[in-house]
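Have a look at my_file.tsv below; it lists TSV, C-alpha atoms.
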chain	number	residue	atom	x	y	z
A	108	MET	CA	21.72	1.43	33.55
A	109	SER	CA	18.39	-0.06	32.69
A	110	ILE	CA	15.26	1.82	32.05
A	111	GLU	CA	13.35	-0.41	34.41
A	112	SER	CA	15.39	0.87	37.35
A	113	LYS	CA	14.62	4.44	36.43
A	114	ARG	CA	10.91	4.18	36.91
A	115	SER	CA	9.57	6.71	39.28
A	116	GLY	CA	8.33	5.40	42.59
A	117	ARG	CA	5.11	7.37	42.35
A	118	LEU	CA	3.89	5.28	39.42
A	119	ASP	CA	3.01	2.34	41.65
A	120	GLU	CA	0.74	-0.15	40.04
A	121	PRO	CA	-0.71	1.28	36.88
A	122	ALA	CA	-4.43	1.65	36.96
A	123	PRO	CA	-5.86	-0.34	34.10
A	124	PHE	CA	-7.63	1.51	31.33
A	125	GLN	CA	-11.30	0.86	31.71
A	126	ARG	CA	-14.16	0.90	29.32
A	127	GLY	CA	-16.94	3.20	30.30
A	128	GLU	CA	-20.56	2.46	29.77
A	129	GLY	CA	-21.75	1.94	26.25
A	130	SER	CA	-19.16	2.41	23.56
A	131	GLN	CA	-17.35	5.25	25.37
A	132	LEU	CA	-13.76	4.47	26.18
A	133	GLU	CA	-12.99	5.90	29.57
A	134	PRO	CA	-9.67	5.55	31.34
A	135	ALA	CA	-9.58	4.61	35.00
A	136	PRO	CA	-10.92	7.13	37.51
A	137	PHE	CA	-8.62	9.74	39.00
A	138	GLN	CA	-6.07	8.27	41.36
A	139	ARG	CA	-3.39	10.84	41.86
A	140	GLY	CA	-3.37	12.10	45.41
A	141	GLU	CA	-6.29	12.04	47.78
A	142	GLY	CA	-8.58	14.95	47.43
A	143	SER	CA	-6.84	16.28	44.33
A	144	LYS	CA	-8.70	15.98	41.08
A	145	HIS	CA	-5.71	15.91	38.79
A	146	TRP	CA	-5.63	13.40	36.00
A	147	THR	CA	-3.58	10.25	36.41
A	148	ASP	CA	-0.62	9.56	34.16
A	149	ASP	CA	-2.67	7.05	32.22
A	150	GLN	CA	-5.41	9.56	31.68
A	151	LEU	CA	-2.91	12.12	30.48
A	152	ILE	CA	-1.44	9.62	28.04
A	153	ALA	CA	-4.90	8.67	26.82
A	154	HIS	CA	-5.74	12.34	26.35
A	155	LEU	CA	-2.56	12.93	24.39
A	156	TYR	CA	-3.60	10.22	21.94
A	157	GLY	CA	-7.18	11.43	21.65
A	158	VAL	CA	-8.95	8.78	23.73
A	159	GLY	CA	-8.86	10.48	27.12
A	160	PRO	CA	-11.73	11.48	29.37
A	161	GLN	CA	-14.06	14.17	28.09
A	162	ASP	CA	-14.79	15.81	31.40
A	163	GLY	CA	-13.41	19.27	30.62
A	164	HIS	CA	-10.85	18.97	33.39
A	165	LEU	CA	-8.03	20.39	31.31
A	166	GLU	CA	-9.87	23.67	30.81
A	167	CYS	CA	-9.80	24.41	34.51
A	168	CYS	CA	-6.53	22.75	35.59
A	169	ALA	CA	-3.36	24.58	34.64
A	170	GLU	CA	-1.13	21.86	36.08
A	171	CYS	CA	-2.58	19.08	33.98
A	172	ARG	CA	-2.54	21.35	30.96
A	173	SER	CA	1.14	22.03	31.40
A	174	ARG	CA	1.83	18.33	31.87
A	175	VAL	CA	0.04	17.56	28.63
A	176	SER	CA	2.03	20.27	26.86
A	177	ALA	CA	5.27	18.84	28.21
A	178	MET	CA	4.24	15.38	27.06
A	179	GLU	CA	3.45	16.66	23.58
A	180	ILE	CA	6.87	18.31	23.36
A	181	ARG	CA	8.44	15.06	24.55
A	182	ARG	CA	6.51	13.13	21.92
A	183	GLN	CA	7.64	15.45	19.17
A	184	SER	CA	11.28	15.29	20.18
A	185	ALA	CA	11.08	11.52	20.53
A	186	VAL	CA	9.59	11.22	17.06
A	187	ALA	CA	12.29	13.47	15.65
A	188	GLU	CA	14.97	11.37	17.33
A	189	SER	CA	13.56	8.14	15.98
A	190	ALA	CA	13.28	9.49	12.45
A	191	GLU	CA	16.92	9.04	11.60
A	192	VAL	CA	17.38	7.32	8.28
A	193	ALA	CA	20.61	7.16	6.38
A	194	PRO	CA	20.30	9.35	3.27
A	195	GLU	CA	22.17	6.69	1.29
A	196	ARG	CA	19.40	4.23	2.04
A	197	LEU	CA	16.77	6.61	0.73
A	198	ALA	CA	18.84	7.45	-2.33
A	199	ALA	CA	19.27	3.77	-3.09
A	200	GLN	CA	15.52	3.27	-2.84
A	201	ARG	CA	14.92	6.12	-5.28
A	202	ARG	CA	17.47	4.72	-7.71
A	203	ARG	CA	15.83	1.31	-7.64
A	204	VAL	CA	12.34	2.72	-8.12
A	205	ARG	CA	13.54	4.88	-10.99
A	206	ALA	CA	15.29	1.95	-12.64
A	207	VAL	CA	12.19	-0.23	-12.42
A	208	LEU	CA	9.97	2.52	-13.77
A	209	ALA	CA	12.31	3.40	-16.61
A	210	ARG	CA	12.65	-0.25	-17.60
A	211	SER	CA	8.95	-0.97	-17.56
A	212	LEU	CA	8.06	2.24	-19.37
A	213	HIS	CA	10.64	1.69	-22.13
A	214	TRP	CA	9.34	-1.78	-22.68
A	215	TRP	CA	5.82	-0.47	-22.86
A	216	GLN	CA	6.75	2.25	-25.29
A	217	ALA	CA	8.72	-0.15	-27.48
A	218	ALA	CA	5.48	-2.06	-27.75
A	219	SER	CA	3.47	0.99	-28.67
A	220	LEU	CA	2.04	-1.03	-31.56
A	221	ARG	CA	0.32	-2.98	-28.86
A	222	ARG	CA	-2.87	-1.04	-29.32
A	223	TRP	CA	-3.09	-2.37	-32.88
A	224	VAL	CA	-2.73	-5.97	-31.83
A	225	PRO	CA	-6.47	-6.70	-31.38
A	226	ALA	CA	-7.38	-5.03	-34.65
A	227	GLY	CA	-4.54	-6.84	-36.46
A	228	THR	CA	-5.58	-10.16	-35.03
A	229	ALA	CA	-9.17	-9.59	-36.11
A	230	ALA	CA	-8.08	-8.57	-39.63
A	231	ILE	CA	-5.88	-11.67	-39.99
A	232	ALA	CA	-8.69	-13.90	-38.77
A	233	LEU	CA	-11.16	-12.32	-41.20
A	234	GLY	CA	-8.75	-12.55	-44.15
A	235	GLY	CA	-7.99	-16.16	-43.36
A	236	SER	CA	-11.65	-17.02	-43.17
A	237	LEU	CA	-12.35	-15.37	-46.53
A	238	PHE	CA	-9.45	-17.17	-48.13
A	239	TYR	CA	-10.62	-20.51	-46.77
A	240	TYR	CA	-14.19	-19.88	-47.92
A	241	ASN	CA	-12.98	-18.93	-51.39
A	242	GLU	CA	-10.88	-22.06	-51.62
A	243	GLN	CA	-13.80	-24.22	-50.59
A	244	GLN	CA	-16.05	-22.63	-53.17
A	245	GLN	CA	-13.54	-23.10	-55.96
A	246	ARG	CA	-13.02	-26.73	-55.03
A	247	HIS	CA	-16.78	-27.31	-55.07
A	248	VAL	CA	-17.13	-25.79	-58.54
A	249	ARG	CA	-14.17	-27.78	-59.79
A	250	ASP	CA	-15.55	-31.01	-58.43
A	251	ASN	CA	-18.95	-30.44	-60.02
A	252	ALA	CA	-17.72	-29.27	-63.43
A	253	ILE	CA	-18.45	-31.64	-66.40
A	254	SER	CA	-17.18	-31.45	-69.91
A	255	ASP	CA	-19.38	-30.90	-73.07
A	256	ALA	CA	-18.72	-34.40	-74.23
A	257	GLN	CA	-19.87	-35.75	-70.92
A	258	LEU	CA	-23.05	-33.64	-71.16
A	259	ALA	CA	-23.85	-34.91	-74.70
A	260	GLN	CA	-23.32	-38.45	-73.58
A	261	ASP	CA	-25.62	-38.01	-70.60
A	262	VAL	CA	-28.40	-36.53	-72.81
A	263	SER	CA	-28.17	-39.27	-75.39
A	264	LEU	CA	-28.33	-41.84	-72.67
A	265	LEU	CA	-31.53	-40.32	-71.37
A	266	ALA	CA	-33.05	-40.29	-74.89
A	267	GLU	CA	-32.26	-43.91	-75.45
A	268	THR	CA	-33.63	-45.17	-72.24
A	269	PRO	CA	-36.38	-47.82	-72.76
A	270	GLU	CA	-38.40	-46.77	-69.76
A	271	ALA	CA	-41.53	-44.70	-70.44
A	272	PRO	CA	-41.24	-41.10	-69.51
A	273	PRO	CA	-43.33	-40.10	-66.50
A	274	THR	CA	-45.79	-38.14	-68.67
A	275	ALA	CA	-46.56	-41.11	-71.01
A	276	PRO	CA	-49.73	-42.28	-69.16
A	277	LEU	CA	-51.27	-38.83	-69.38
A	278	GLN	CA	-50.45	-38.41	-73.07
A	279	ALA	CA	-52.01	-41.79	-73.78
A	280	LEU	CA	-55.42	-40.45	-72.70
A	281	PHE	CA	-55.46	-38.03	-75.62
A	282	VAL	CA	-54.10	-40.36	-78.24
A	283	GLN	CA	-56.73	-41.86	-80.49
B	224	MET	CA	6.63	9.30	-42.17
B	225	MET	CA	9.80	7.87	-40.66
B	226	MET	CA	10.85	11.30	-39.41
B	227	SER	CA	7.48	11.80	-37.82
B	228	ALA	CA	7.74	8.48	-35.97
B	229	MET	CA	11.19	9.37	-34.72
B	230	ALA	CA	9.98	12.77	-33.56
B	231	ASP	CA	7.10	11.12	-31.71
B	232	GLN	CA	9.49	8.70	-30.06
B	233	LEU	CA	11.80	11.53	-29.01
B	234	GLU	CA	8.87	13.49	-27.60
B	235	ARG	CA	7.77	10.48	-25.63
B	236	GLU	CA	11.29	10.04	-24.25
B	237	ILE	CA	11.38	13.66	-23.14
B	238	GLN	CA	7.94	13.36	-21.56
B	239	LEU	CA	8.98	10.19	-19.78
B	240	GLY	CA	12.08	11.88	-18.41
B	241	ALA	CA	10.02	14.84	-17.18
B	242	ASP	CA	7.42	12.55	-15.57
B	243	LEU	CA	10.08	10.59	-13.76
B	244	ARG	CA	11.79	13.76	-12.58
B	245	ASP	CA	8.52	15.16	-11.20
B	246	PHE	CA	7.68	11.88	-9.60
B	247	GLY	CA	11.19	11.57	-8.18
B	248	SER	CA	11.00	14.96	-6.48
B	249	TRP	CA	7.59	14.18	-5.00
B	250	MET	CA	8.87	10.80	-3.85
B	251	ALA	CA	11.81	12.47	-2.13
B	252	THR	CA	9.43	14.58	-0.03
B	253	GLU	CA	7.33	11.63	1.13
B	254	GLN	CA	9.85	8.84	1.09
B	255	LYS	CA	11.33	9.12	4.55
B	256	ARG	CA	7.95	9.25	6.24
B	257	VAL	CA	6.72	6.29	4.20
B	258	PHE	CA	9.87	4.30	4.93
B	259	LEU	CA	9.61	4.94	8.67
B	260	LEU	CA	5.95	3.98	8.66
B	261	CYS	CA	6.77	0.75	6.82
B	262	ARG	CA	9.63	0.02	9.18
B	263	ARG	CA	7.42	0.44	12.22
B	264	MET	CA	4.66	-1.65	10.78
B	265	LEU	CA	6.85	-4.43	9.44
B	266	GLN	CA	9.44	-4.29	12.21
B	267	ASP	CA	12.15	-5.06	9.71
B	268	THR	CA	14.40	-2.57	7.94
B	269	ASP	CA	15.11	-4.57	4.80
B	270	GLU	CA	11.49	-5.50	4.41
B	271	ALA	CA	10.58	-1.85	4.88
B	272	ASP	CA	13.03	-0.97	2.10
B	273	SER	CA	11.30	-3.30	-0.28
B	274	ALA	CA	7.84	-2.20	0.85
B	275	THR	CA	8.73	1.46	0.33
B	276	GLN	CA	9.75	0.75	-3.24
B	277	ASP	CA	6.52	-1.14	-3.79
B	278	VAL	CA	4.54	1.76	-2.43
B	279	PHE	CA	6.03	4.25	-4.85
B	280	LEU	CA	5.80	1.89	-7.80
B	281	LYS	CA	2.13	1.39	-7.01
B	282	ALA	CA	1.70	5.14	-6.66
B	283	TYR	CA	3.30	5.80	-10.04
B	284	ARG	CA	1.17	3.19	-11.76
B	285	ALA	CA	-1.94	4.50	-10.06
B	286	LEU	CA	-1.13	7.97	-11.34
B	287	GLY	CA	-1.05	6.59	-14.86
B	288	GLY	CA	-4.37	4.82	-14.34
B	289	LYS	CA	-7.75	6.00	-13.19
B	290	THR	CA	-6.92	7.50	-9.83
B	291	CYS	CA	-9.68	9.51	-8.28
B	292	ALA	CA	-8.94	13.24	-8.42
B	293	GLU	CA	-10.32	13.58	-4.90
B	294	GLU	CA	-7.61	11.28	-3.60
B	295	LEU	CA	-4.93	13.31	-5.30
B	296	ASP	CA	-6.05	16.45	-3.50
B	297	ASN	CA	-4.09	15.14	-0.56
B	298	PRO	CA	-1.21	13.09	-1.98
B	299	ALA	CA	0.37	12.58	1.44
B	300	LYS	CA	-2.73	10.89	2.77
B	301	TRP	CA	-3.13	8.93	-0.44
B	302	VAL	CA	0.41	7.54	-0.34
B	303	THR	CA	0.02	6.81	3.38
B	304	ARG	CA	-3.00	4.70	2.57
B	305	ILE	CA	-1.04	2.83	-0.10
B	306	ALA	CA	1.78	2.29	2.40
B	307	VAL	CA	-0.48	0.98	5.15
B	308	ASN	CA	-2.26	-1.36	2.75
B	309	THR	CA	1.03	-2.59	1.32
B	310	CYS	CA	2.32	-3.33	4.80
B	311	LEU	CA	-0.89	-5.04	5.86
B	312	ASP	CA	-0.74	-7.22	2.73
B	313	ARG	CA	2.83	-8.16	3.51
B	314	LEU	CA	2.02	-8.91	7.12
B	315	ARG	CA	-0.86	-11.05	5.96
B	316	SER	CA	1.35	-13.10	3.69
B	317	LYS	CA	3.92	-13.54	6.44
B	318	SER	CA	6.08	-15.72	4.24
B	319	TRP	CA	8.96	-13.29	4.63
B	320	ARG	CA	9.06	-13.95	8.34
B	321	ILE	CA	10.82	-17.25	7.77
B	322	TRP	CA	14.12	-15.53	7.19
B	323	GLN	CA	13.57	-12.25	8.97
B	324	ARG	CA	14.61	-13.53	12.41
B	325	ARG	CA	18.11	-12.30	12.80
B	326	PRO	CA	19.81	-9.88	15.17
B	327	ASP	CA	18.70	-6.32	14.73
B	328	PRO	CA	21.61	-4.15	13.53
B	329	ARG	CA	20.28	-1.36	15.76
B	330	ASP	CA	21.01	-3.51	18.82
B	331	GLU	CA	24.65	-3.68	17.83
B	332	GLU	CA	24.64	0.06	17.26
B	333	LEU	CA	23.25	0.62	20.74
B	334	ILE	CA	25.84	-1.63	22.36
B	335	LEU	CA	28.59	0.25	20.59
B	336	GLU	CA	27.16	3.55	21.77
B	337	MET	CA	26.88	2.27	25.32
B	338	ALA	CA	30.55	1.38	25.20
B	339	ARG	CA	31.62	4.82	24.13
B	340	GLY	CA	28.99	7.06	25.80
B	341	VAL	CA	30.61	8.68	28.82
B	342	SER	CA	29.41	12.27	29.19
B	343	PRO	CA	26.09	13.07	30.93
B	344	ASP	CA	24.74	14.37	27.65
B	345	ALA	CA	25.67	11.18	25.90
B	346	GLU	CA	24.04	9.25	28.70
B	347	ARG	CA	20.85	11.24	28.35
B	348	GLN	CA	20.79	10.68	24.59
B	349	LEU	CA	21.45	7.02	25.08
B	350	PHE	CA	18.67	6.79	27.62
B	351	SER	CA	16.29	8.52	25.26
B	352	LYS	CA	17.33	6.24	22.45
B	353	GLN	CA	16.81	3.23	24.67
B	354	ILE	CA	13.24	4.29	25.34
B	355	GLN	CA	12.67	4.88	21.63
B	356	GLN	CA	13.96	1.47	20.75
B	357	ARG	CA	11.95	-0.18	23.48
B	358	LEU	CA	8.85	1.52	22.17
B	359	GLU	CA	9.56	0.52	18.59
B	360	LYS	CA	10.19	-3.06	19.62
B	361	ALA	CA	7.08	-3.06	21.75
B	362	LEU	CA	5.07	-2.28	18.62
B	363	ALA	CA	5.55	-5.94	17.74
B	364	ARG	CA	3.14	-6.79	20.55
B	365	LEU	CA	0.33	-4.97	18.78
B	366	SER	CA	-1.92	-6.41	16.14
B	367	ASP	CA	-1.35	-5.15	12.60
B	368	ARG	CA	-4.25	-2.71	12.77
B	369	GLN	CA	-3.33	-1.48	16.23
B	370	ARG	CA	0.23	-0.89	15.05
B	371	ALA	CA	-0.97	1.04	12.03
B	372	VAL	CA	-3.28	3.20	14.12
B	373	PHE	CA	-0.71	3.85	16.83
B	374	SER	CA	2.06	4.64	14.33
B	375	LEU	CA	-0.08	7.11	12.43
B	376	ARG	CA	-1.13	8.79	15.66
B	377	HIS	CA	2.16	8.78	17.56
B	378	TYR	CA	4.70	9.28	14.78
B	379	ASP	CA	2.68	11.12	12.15
B	380	ALA	CA	0.46	13.04	14.60
B	381	MET	CA	-2.60	12.35	12.46
B	382	ALA	CA	-6.03	13.17	13.81
B	383	LEU	CA	-8.28	10.22	14.58
B	384	GLU	CA	-10.61	11.21	11.75
B	385	GLU	CA	-7.71	11.25	9.30
B	386	ILE	CA	-6.56	7.82	10.48
B	387	ALA	CA	-10.09	6.54	10.05
B	388	ASP	CA	-10.09	7.94	6.52
B	389	VAL	CA	-6.73	6.41	5.63
B	390	LEU	CA	-7.63	3.00	7.01
B	391	LYS	CA	-11.25	3.16	5.87
B	392	LEU	CA	-12.50	2.50	9.38
B	393	ASP	CA	-14.99	4.18	11.70
B	394	VAL	CA	-13.58	6.68	14.15
B	395	GLY	CA	-14.96	4.50	16.94
B	396	THR	CA	-13.01	1.51	15.65
B	397	VAL	CA	-9.87	3.61	15.41
B	398	LYS	CA	-10.38	4.69	19.02
B	399	ALA	CA	-10.82	1.10	20.12
B	400	HIS	CA	-7.61	0.04	18.34
B	401	LEU	CA	-5.74	2.98	19.80
B	402	PHE	CA	-7.07	2.31	23.26
B	403	ARG	CA	-5.90	-1.30	23.17
B	404	ALA	CA	-2.55	-0.24	21.76
B	405	LEU	CA	-2.06	2.22	24.61
B	406	SER	CA	-2.90	-0.45	27.13
B	407	LYS	CA	-0.31	-2.80	25.63
B	408	LEU	CA	2.34	-0.07	25.47
B	409	ARG	CA	1.60	1.34	28.89
B	410	ASP	CA	5.05	0.71	30.39
B	411	GLU	CA	6.95	2.08	27.42
B	412	LEU	CA	4.79	5.19	27.22
B	413	ARG	CA	5.13	5.87	30.93
B	414	ASP	CA	8.88	5.64	30.57
B	415	LEU	CA	8.79	7.89	27.57
B	416	TYR	CA	6.70	10.61	29.19
B	417	PHE	CA	7.29	10.40	32.91
B	418	THR	CA	10.73	8.98	33.55
B	419	ASN	CA	13.46	11.55	33.74
B	420	ALA	CA	16.76	10.98	32.04
B	421	PRO	CA	19.83	10.91	34.33
Just dump the structure as structure tokens.
Amino acid sequence: MSIESKRSGRLDEPAPFQRGEGSQLEPAPFQRGEGSKHWTDDQLIAHLYGVGPQDGHLECCAECRSRVSAMEIRRQSAVAESAEVAPERLAAQRRRVRAVLARSLHWWQAASLRRWVPAGTAAIALGGSLFYYNEQQQRHVRDNAISDAQLAQDVSLLAETPEAPPTAPLQALFVQ
Amino acid sequence: MMMSAMADQLEREIQLGADLRDFGSWMATEQKRVFLLCRRMLQDTDEADSATQDVFLKAYRALGGKTCAEELDNPAKWVTRIAVNTCLDRLRSKSWRIWQRRPDPRDEELILEMARGVSPDAERQLFSKQIQQRLEKALARLSDRQRAVFSLRHYDAMALEEIADVLKLDVGTVKAHLFRALSKLRDELRDLYFTNAP
């Protein structure tokens, strides 16, 4: 038994939803029965979902009001019927979520020293730099160090040099 | 010193257990609704399973981070927003669709029920279920946004303003999406509301 065959004969060709003027969304004009001003099925559906006509018809039409109420009850029961979910499926979802959370949180807690990582890295970098600088300085001093004997030899070499000292021309002016 | 560290660790473990228990009980209250929303939006049960888990993992992490207190005033709406965004992200990626095309297990279930349903009551239930399934399948004809709007309105009975808030859209845009969705689902909705069961 198909649903198609169960359609009521009175729902001939559905009137298309129409846009009203401007940005207002207005369903098609009333169509149900000549002379009667009842809302069409489409208008009732649109009203149920909050986009129906705003003409105040429901306030003065008990029949349309009761049809809307019946539709709302039908919607609620349909929603309740379609909300069947196996509890095992939901339980399995919860277990998986819990497992993922517990795993990630334990890992994070095990690495609680994490907050010290930037400071530790900075301290190591600073210590390394100081050590390197100190090494460089010591090497420089070592390379430039000369012994006493070397110093005495350098001085005697300067004293024995045959070249005139730079001040000799000036001293010569005062020598008689 | 060592004892103090161990005590801290133990305290953290206890706190973690309490947090997870609290979160687990909150999850249990929202989970079914979130799962159904994901299933309707994604049109795939297994994918909805995975999306639901994602939603709650994101929620937990957001709780640990800087979540706006205003959002947490209404946790149901907040988690709905996470769910809708998660589903829209997944629909955008679409990579999962490569292997999602396979017979729906619910079809098999329906066939089995048709075979054994004999009483008028069973026939009525079957008829109702048929309409439900047609409607849920028809949701595939909607765009992602239209599906989100229609699902929140039809299944969760949310007001248009609430839907606009969840989806961060104007009420007018929500109305336009809903209007188009209703047009596309016209036949199914007429059957749902105006066709009498046998």
Could you tell me which of A:Leu208, A:Leu237, A:Gln150, A:Ala169 comes closest to Ala282 of chain B if we count only C-alpha atoms?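 Under the stated criterion, the closest residue is A:Leu208.
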Mind listing as a PyMOL selection string which residues of chain B are within 7 Å of chain A, counting all atoms listed in the file? chain B and resi 259+272+276+280+355+376+378+398+402+406+414+416+418
Close residues, Asp312 of chain B itself excluded, 12 Å, only C-alpha atoms, min 6 positions apart in chain, as a VMD selection string
chain B and resid 261 264 to 265 274 277 to 278 305 to 306 318 to 319 367 to 368
- Message: Need the shell around Asn308 of chain B: protein/DNA/RNA residues with any atom at most 9 Å away, counting all atoms listed in the file. Skip same-chain ones fewer than 5 positions apart. Format as number ranges by chain?
- Response: B: 303, 313, 390
